[in-house]
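> After the structure tokens below, expect a handful of questions from me.
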Amino acid sequence: LVLILDYGSQYTHLITRRIRSLSVFSLTISGTSPLKTITDLNPRVVILSGGPHSVHTDDSPSFPPGFTEWAEANGVFVLGICYGLQLIVQRLGGVVRVGEKQEYGKMEIVVESNSGVFGSNRVGDRQVVWMSHGDEVAKLPQGFRVVAQSQQGVVAAIESPERRFYGLQYHPEVTHSPGGMETLRYFLFDVCGVSAGWKMENVMEEEIKVINSTVAPEDHVICALSGGVDSTVAATLVHKAIGDRLHCIFVDNGLLRYKEQERVMETFEKDLHLPVTCVDASEQFLSKLKGVVDPEVKRKIIGKEFICIFDDFAHELEKKLGRKPSYLVQGTLYPDVIESCPPPGSGRTHSHTIKSHHNVGGLPKDMKLKLIEPLKLLFKDEVRQLGKILNVPLGFLKRHPFPGPGLAVRVLGDVTAGNALEVLRQVDEIFIQSIKDAGLYDEIWQAFAVFLPVRSVGVQGDQRTHSHVVSLRAVTSQDGMTAEWYYFTHEFYDDVSRKICNSVRGVNRVVYDITSKPPSTIEWE
Ligand code: XMP
């Protein structure tokens with residue numbers, strides 16, 4: 001295991017990902033975790049991340065007392081990156097000072113010593129790296145030497161091979177440091193002797209073992225499938241482990257896309273052989289949403305209704321099985337886990353308020369279900385790899401994200417007004433199919449249509465019309481937190497708008513959303 005202690009750098013997750021891409025398992029925990037948490041994980045290598053702090057401020061975060069002694073006594077390798085390097089220097093008796101020359105952005109460094117973290121690089125070799133620091137090393141701790149300097153003469157890399165401590169002042173994990181990946185690779189495999197064996201197949205086997213040892217033979221497990229990638233992969237994995245003691249529910253809330261229910265149920269049943277109860281609750285949801293225009297109220301109503309249905313499902317199961325289900329499967333991913341426990345002073349905020357209404361449904365407190373979260377150590381692309389091994393169809397794994405409240409946040413205002421939902425479904429299907437036909441689906445993070453509660457004047461077949469306006473939206477994004485609007489060709493816009501106006505009754509105008517996030521959000525409500 002390569003353990004990363006996070007001091008709040010915006011690049012910390014990137015370090016984890018880079019190392020995992022080398023087939024080495026790595027995990028990030030808070031940089032201020034107690035020593036026991038660190039030693040229990042028994043890492044071979046510990047990486048101290050960068051961060052926005054200066055080691056000089058009183059409350060600057062640091063590793064726990066006894067950490068360096070433990071590392072030295074147990075042959076653990078320690079690599080400090082940026083702030084992490086400065087922590088090593090300061091805590092091991094060197095001096096860090098406020099830099100005379102601050103270094104931000106691309107910078108050339110020169111290798112000063114043949115041994116160390118730079119593999120085949122020799123004294124005098126140069127490489128371009130990405131720097132981002134104000135403080136600098138003034139005096140090295142005992143036993144350390146400088147391995148590289150920046151073109152401005154600032155210490156760029158240090159090491160003490162005898163003590164197994166290393167430090168890079170720059171960020172090897174970002175693509176702006178072109179040799180950074182090679183440095184990490186060399187450090188892990190050649191310096192630390194780590195072996196590459198972390199594969200998705202092993203992750204799957206390991207998770208199945210964990211599930212089987214957690215869930216007793218008489219226990220039953222439930223799972224709410226949203227039709228999205230995460231819950232589907234999580235359920236498929238649990239099903240592989242415990243078979244039909246898993247009970248899934250898929251709720252049609254009347255806010256799904258064109259033929260969504262048929263399409264996802266077919267995948268669940270035919271491709272994945274998952275035992276799924278499909279509940280058609282559209283009437284129930286839509287009657288509660290009638291006349292409601294406030295987006296937050298809509299979201300709350302949907303969340304509450306979902307919980308009621310889920311509760312009923314659990315009670316029905318209890319009657320049928322003669323015992324309560326004991327566990328609930330959730331498709332929580334690693335970024336959600338890390339985001340919920342930001343390191344102190346990192347400036348990162350808890351995203352709970354957003355997440356709680358982003359979840360398909362909270363849980364009734366009195367259900368007292370224990371959680372199974374088999375994906376909680378994985379990133380989205382790793383979940384897709386796992387899904388592939390579990391034979392989840394590729395087309396399904398690549399589906400764009402779809403929000404829990406469904407089309408309710410894409411019909412602005414009252415979702416039950418007129419035939420808004422039906423119009424939106426047809427427009428959305430034409431747009432998505434056109435994107436697929438153009439071979440663009442996989443390069444877009446999310447694309448969809450929005451129904452606007454306004455009418456505009458048009459002319460169709462020599463007749464004046466006063467019909468609906470729809471907006472199309474397509475964005476690219478890494479994680480949905482920020483997004484850029486997608487630029488189609490002129491011909492594409494022209495073609496799709498013609499198709500929509502010619503085949504969807506009641507629409508005479510199509511507009512395209514050209515706002516990024518921020519300032520907009522991806523969904524309109
Ligand atoms: P926003 O609109 O906040 O969306 O920029 C970011 C990403 O989250 C999705 N989203 C949701 N997903 N329940 C969900 O499961 C929700 O209530 C919800 N609201 C937004 C959105 O589609 C985008 O991918």
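Every chain in the structure tokens takes a letter, A first, then B, and so on in the order presented; its residues are numbered from 1, and the ligands are numbered from 1 following the presented order.
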Write as a short mmCIF file (atom, residue, chain, number, x, y, z; two decimals) with C-alpha atoms, in the first residue's frame the residues around ligand 1, taking 10 Å as the cut-off and counting only C-alpha atoms and all ligand atoms.

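The resulting out_35.cif:
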data_model
loop_
_atom_site.label_atom_id
_atom_site.label_comp_id
_atom_site.auth_asym_id
_atom_site.auth_seq_id
_atom_site.Cartn_x
_atom_site.Cartn_y
_atom_site.Cartn_z
CA SER A 226 -31.32 4.35 -10.00
CA GLY A 228 -27.06 4.77 -13.14
CA GLU A 296 -36.06 22.95 -3.80
CA ARG A 299 -36.58 17.99 -4.79
CA LYS A 300 -37.77 17.55 -1.21
CA ILE A 302 -39.37 13.61 -4.55
CA GLY A 303 -36.88 12.59 -1.84
CA ILE A 354 -25.47 19.40 -1.98
CA LYS A 355 -24.98 15.66 -1.70
CA SER A 356 -28.01 14.99 0.45
CA HIS A 357 -30.39 16.17 -2.21
CA HIS A 358 -28.18 14.68 -4.89
CA ASN A 359 -28.72 11.23 -3.43
CA VAL A 360 -31.58 9.30 -4.90
CA GLY A 361 -33.11 9.00 -1.47
CA HIS A 400 -24.36 10.07 -19.02
CA PRO A 401 -25.23 10.92 -15.40
CA PHE A 402 -28.92 11.46 -14.72
CA PRO A 403 -30.11 13.32 -11.62
CA GLY A 404 -32.17 11.56 -8.94
CA PRO A 405 -35.13 13.98 -9.29
CA GLY A 406 -35.07 13.18 -13.03
CA ALA A 408 -38.50 17.31 -12.61
CA VAL A 409 -35.37 19.49 -12.63
CA ARG A 410 -35.53 19.78 -16.42
CA TRP A 445 -20.08 14.43 -19.98
CA GLN A 446 -23.80 15.07 -20.11
CA ALA A 447 -26.35 16.19 -22.68
CA PHE A 448 -30.05 16.75 -22.27
CA VAL A 475 -21.24 19.96 -21.33
CA SER A 477 -16.54 17.93 -17.34
CA ASP A 479 -16.38 15.32 -12.24
CA GLY A 480 -19.48 17.49 -12.59
CA MET A 481 -18.12 20.08 -10.15
CA THR A 482 -17.18 22.43 -12.97
CA ALA A 483 -18.19 22.13 -16.61
CA SER A 516 -20.44 26.96 -18.29
CA LYS A 517 -20.44 25.95 -14.61
CA PRO A 518 -19.82 28.28 -12.86
CA PRO A 519 -21.72 30.57 -13.14
CA SER A 520 -24.55 28.16 -14.08
CA THR A 521 -25.06 24.70 -12.72
CA ILE A 522 -25.33 21.77 -15.11
CA GLU A 523 -29.01 21.15 -14.43
CA TRP A 524 -31.31 24.15 -14.76
CA GLU A 525 -33.00 23.59 -11.40
#
> Quick one: everything within 8 Å of range 505-512 of chain A, counting only C-alpha atoms, minus sequence neighbours fewer than 3 positions away in the same chain. Send it as a ChimeraX atom specification.
/A:423,456-460,465-473,497,500-502
> Counting only C-alpha atoms, what is within 8 Å of range 3-13 of chain A, bar same-chain residues fewer than 6 positions away, as a PyMOL selection string?
chain A and resi 26-32+43-52+61-63+83-84+173-174+342-343+345-348
> How about saving the chosen residues, N, CA and C atoms kept, as a PDB file, in the first residue's frame?

ATOM      1  N   SER A  26      -3.244   2.634  -3.817  1.00  0.00           N
ATOM      2  CA  SER A  26      -2.938   3.775  -2.964  1.00  0.00           C
ATOM      3  C   SER A  26      -4.225   4.339  -2.389  1.00  0.00           C
ATOM      4  N   LEU A  27      -4.066   4.930  -1.240  1.00  0.00           N
ATOM      5  CA  LEU A  27      -5.208   5.384  -0.456  1.00  0.00           C
ATOM      6  C   LEU A  27      -4.856   6.739   0.133  1.00  0.00           C
ATOM      7  N   THR A  28      -5.837   7.643   0.212  1.00  0.00           N
ATOM      8  CA  THR A  28      -5.575   8.949   0.811  1.00  0.00           C
ATOM      9  C   THR A  28      -6.309   9.049   2.131  1.00  0.00           C
ATOM     10  N   ILE A  29      -5.624   9.511   3.156  1.00  0.00           N
ATOM     11  CA  ILE A  29      -6.313   9.816   4.416  1.00  0.00           C
ATOM     12  C   ILE A  29      -5.881  11.214   4.853  1.00  0.00           C
ATOM     13  N   SER A  30      -6.548  11.756   5.845  1.00  0.00           N
ATOM     14  CA  SER A  30      -6.217  13.101   6.296  1.00  0.00           C
ATOM     15  C   SER A  30      -4.766  13.152   6.798  1.00  0.00           C
ATOM     16  N   GLY A  31      -4.091  14.247   6.492  1.00  0.00           N
ATOM     17  CA  GLY A  31      -2.693  14.413   6.892  1.00  0.00           C
ATOM     18  C   GLY A  31      -2.513  14.510   8.395  1.00  0.00           C
ATOM     19  N   THR A  32      -3.612  14.738   9.124  1.00  0.00           N
ATOM     20  CA  THR A  32      -3.486  14.856  10.574  1.00  0.00           C
ATOM     21  C   THR A  32      -4.027  13.604  11.286  1.00  0.00           C
ATOM     22  N   PRO A  43       1.530   0.744   5.610  1.00  0.00           N
ATOM     23  CA  PRO A  43       1.994   1.087   4.250  1.00  0.00           C
ATOM     24  C   PRO A  43       3.483   0.829   4.060  1.00  0.00           C
ATOM     25  N   ARG A  44       3.874   0.582   2.809  1.00  0.00           N
ATOM     26  CA  ARG A  44       5.300   0.448   2.505  1.00  0.00           C
ATOM     27  C   ARG A  44       5.877   1.833   2.208  1.00  0.00           C
ATOM     28  N   VAL A  45       4.995   2.695   1.637  1.00  0.00           N
ATOM     29  CA  VAL A  45       5.414   4.049   1.273  1.00  0.00           C
ATOM     30  C   VAL A  45       4.366   5.023   1.793  1.00  0.00           C
ATOM     31  N   VAL A  46       4.838   6.142   2.345  1.00  0.00           N
ATOM     32  CA  VAL A  46       3.896   7.202   2.721  1.00  0.00           C
ATOM     33  C   VAL A  46       4.275   8.458   1.931  1.00  0.00           C
ATOM     34  N   ILE A  47       3.280   9.049   1.269  1.00  0.00           N
ATOM     35  CA  ILE A  47       3.527  10.293   0.533  1.00  0.00           C
ATOM     36  C   ILE A  47       2.822  11.429   1.265  1.00  0.00           C
ATOM     37  N   LEU A  48       3.567  12.486   1.552  1.00  0.00           N
ATOM     38  CA  LEU A  48       2.969  13.652   2.202  1.00  0.00           C
ATOM     39  C   LEU A  48       2.614  14.633   1.088  1.00  0.00           C
ATOM     40  N   SER A  49       1.353  14.998   0.980  1.00  0.00           N
ATOM     41  CA  SER A  49       0.916  15.804  -0.169  1.00  0.00           C
ATOM     42  C   SER A  49       1.313  17.260  -0.009  1.00  0.00           C
ATOM     43  N   GLY A  50       1.043  18.036  -1.044  1.00  0.00           N
ATOM     44  CA  GLY A  50       1.183  19.484  -0.960  1.00  0.00           C
ATOM     45  C   GLY A  50      -0.006  20.058  -0.213  1.00  0.00           C
ATOM     46  N   GLY A  51      -0.026  21.362  -0.077  1.00  0.00           N
ATOM     47  CA  GLY A  51      -1.147  21.997   0.609  1.00  0.00           C
ATOM     48  C   GLY A  51      -0.974  23.498   0.575  1.00  0.00           C
ATOM     49  N   PRO A  52      -2.039  24.225   0.912  1.00  0.00           N
ATOM     50  CA  PRO A  52      -1.996  25.681   0.798  1.00  0.00           C
ATOM     51  C   PRO A  52      -1.310  26.373   1.980  1.00  0.00           C
ATOM     52  N   PRO A  61      -1.155  22.104   9.420  1.00  0.00           N
ATOM     53  CA  PRO A  61      -1.318  20.667   9.696  1.00  0.00           C
ATOM     54  C   PRO A  61      -0.009  19.908   9.503  1.00  0.00           C
ATOM     55  N   SER A  62       0.156  18.837  10.273  1.00  0.00           N
ATOM     56  CA  SER A  62       1.388  18.062  10.171  1.00  0.00           C
ATOM     57  C   SER A  62       1.115  16.608  10.517  1.00  0.00           C
ATOM     58  N   PHE A  63       2.092  15.740  10.261  1.00  0.00           N
ATOM     59  CA  PHE A  63       1.930  14.331  10.624  1.00  0.00           C
ATOM     60  C   PHE A  63       2.074  14.186  12.138  1.00  0.00           C
ATOM     61  N   TYR A  83       4.517  21.113  -0.011  1.00  0.00           N
ATOM     62  CA  TYR A  83       4.366  21.344   1.434  1.00  0.00           C
ATOM     63  C   TYR A  83       4.876  20.126   2.219  1.00  0.00           C
ATOM     64  N   GLY A  84       4.677  18.940   1.663  1.00  0.00           N
ATOM     65  CA  GLY A  84       5.133  17.698   2.310  1.00  0.00           C
ATOM     66  C   GLY A  84       6.644  17.690   2.489  1.00  0.00           C
ATOM     67  N   GLU A 173       2.925  14.917 -10.031  1.00  0.00           N
ATOM     68  CA  GLU A 173       1.662  14.281 -10.423  1.00  0.00           C
ATOM     69  C   GLU A 173       0.904  15.033 -11.517  1.00  0.00           C
ATOM     70  N   VAL A 174       1.285  16.298 -11.795  1.00  0.00           N
ATOM     71  CA  VAL A 174       0.508  17.049 -12.798  1.00  0.00           C
ATOM     72  C   VAL A 174       1.151  16.886 -14.180  1.00  0.00           C
ATOM     73  N   PRO A 342     -12.619  16.533   4.892  1.00  0.00           N
ATOM     74  CA  PRO A 342     -11.506  17.334   4.402  1.00  0.00           C
ATOM     75  C   PRO A 342     -10.473  17.576   5.491  1.00  0.00           C
ATOM     76  N   PRO A 343      -9.186  17.673   5.132  1.00  0.00           N
ATOM     77  CA  PRO A 343      -8.176  17.922   6.146  1.00  0.00           C
ATOM     78  C   PRO A 343      -8.361  19.300   6.765  1.00  0.00           C
ATOM     79  N   GLY A 345      -8.160  22.989   7.892  1.00  0.00           N
ATOM     80  CA  GLY A 345      -7.514  24.170   7.326  1.00  0.00           C
ATOM     81  C   GLY A 345      -7.312  24.085   5.827  1.00  0.00           C
ATOM     82  N   SER A 346      -7.872  23.053   5.185  1.00  0.00           N
ATOM     83  CA  SER A 346      -7.616  22.901   3.752  1.00  0.00           C
ATOM     84  C   SER A 346      -8.452  23.867   2.927  1.00  0.00           C
ATOM     85  N   GLY A 347      -9.448  24.468   3.587  1.00  0.00           N
ATOM     86  CA  GLY A 347     -10.312  25.364   2.839  1.00  0.00           C
ATOM     87  C   GLY A 347     -11.356  24.590   2.056  1.00  0.00           C
ATOM     88  N   ARG A 348     -11.239  23.256   2.027  1.00  0.00           N
ATOM     89  CA  ARG A 348     -12.249  22.464   1.331  1.00  0.00           C
ATOM     90  C   ARG A 348     -13.479  22.363   2.214  1.00  0.00           C
TER      91      ARG A 348
END
> Give me, as a VMD selection string, all polymer residues having an atom no more than 7 Å from Ala234 in chain A, counting only C-alpha atoms and skipping those fewer than 4 positions away in the same chain.
chain A and resid 230 238 330 to 331 374 to 375
> From the list A:Val221, A:Leu390, A:Val293, A:Leu421, which residue is nearest Ser326 in chain A when using only C-alpha atoms?
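So, comparing all the options, the nearest one is A:Val221.
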> Using CA of Leu321 in chain A and CA of His220 in chain A as the two end points, give the distance in Å to one decimal.
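Those two atoms sit 8.8 Å apart.
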> Residues of range 134-344 of chain A in helix (DSSP H, G or I) according to DSSP, as an MDAnalysis selection string?
chainID A and resid 180:191 200:214 229:245 260:271 282:289 295:321 334:339
> Residues of range 2-228 of chain A classed as strand (DSSP E) by DSSP on the backbone are to be reported as a PyMOL selection string.
chain A and resi 2-6+26-30+45-48+77-81+95-111+126-139+145-150+155-160+165-168+221-225
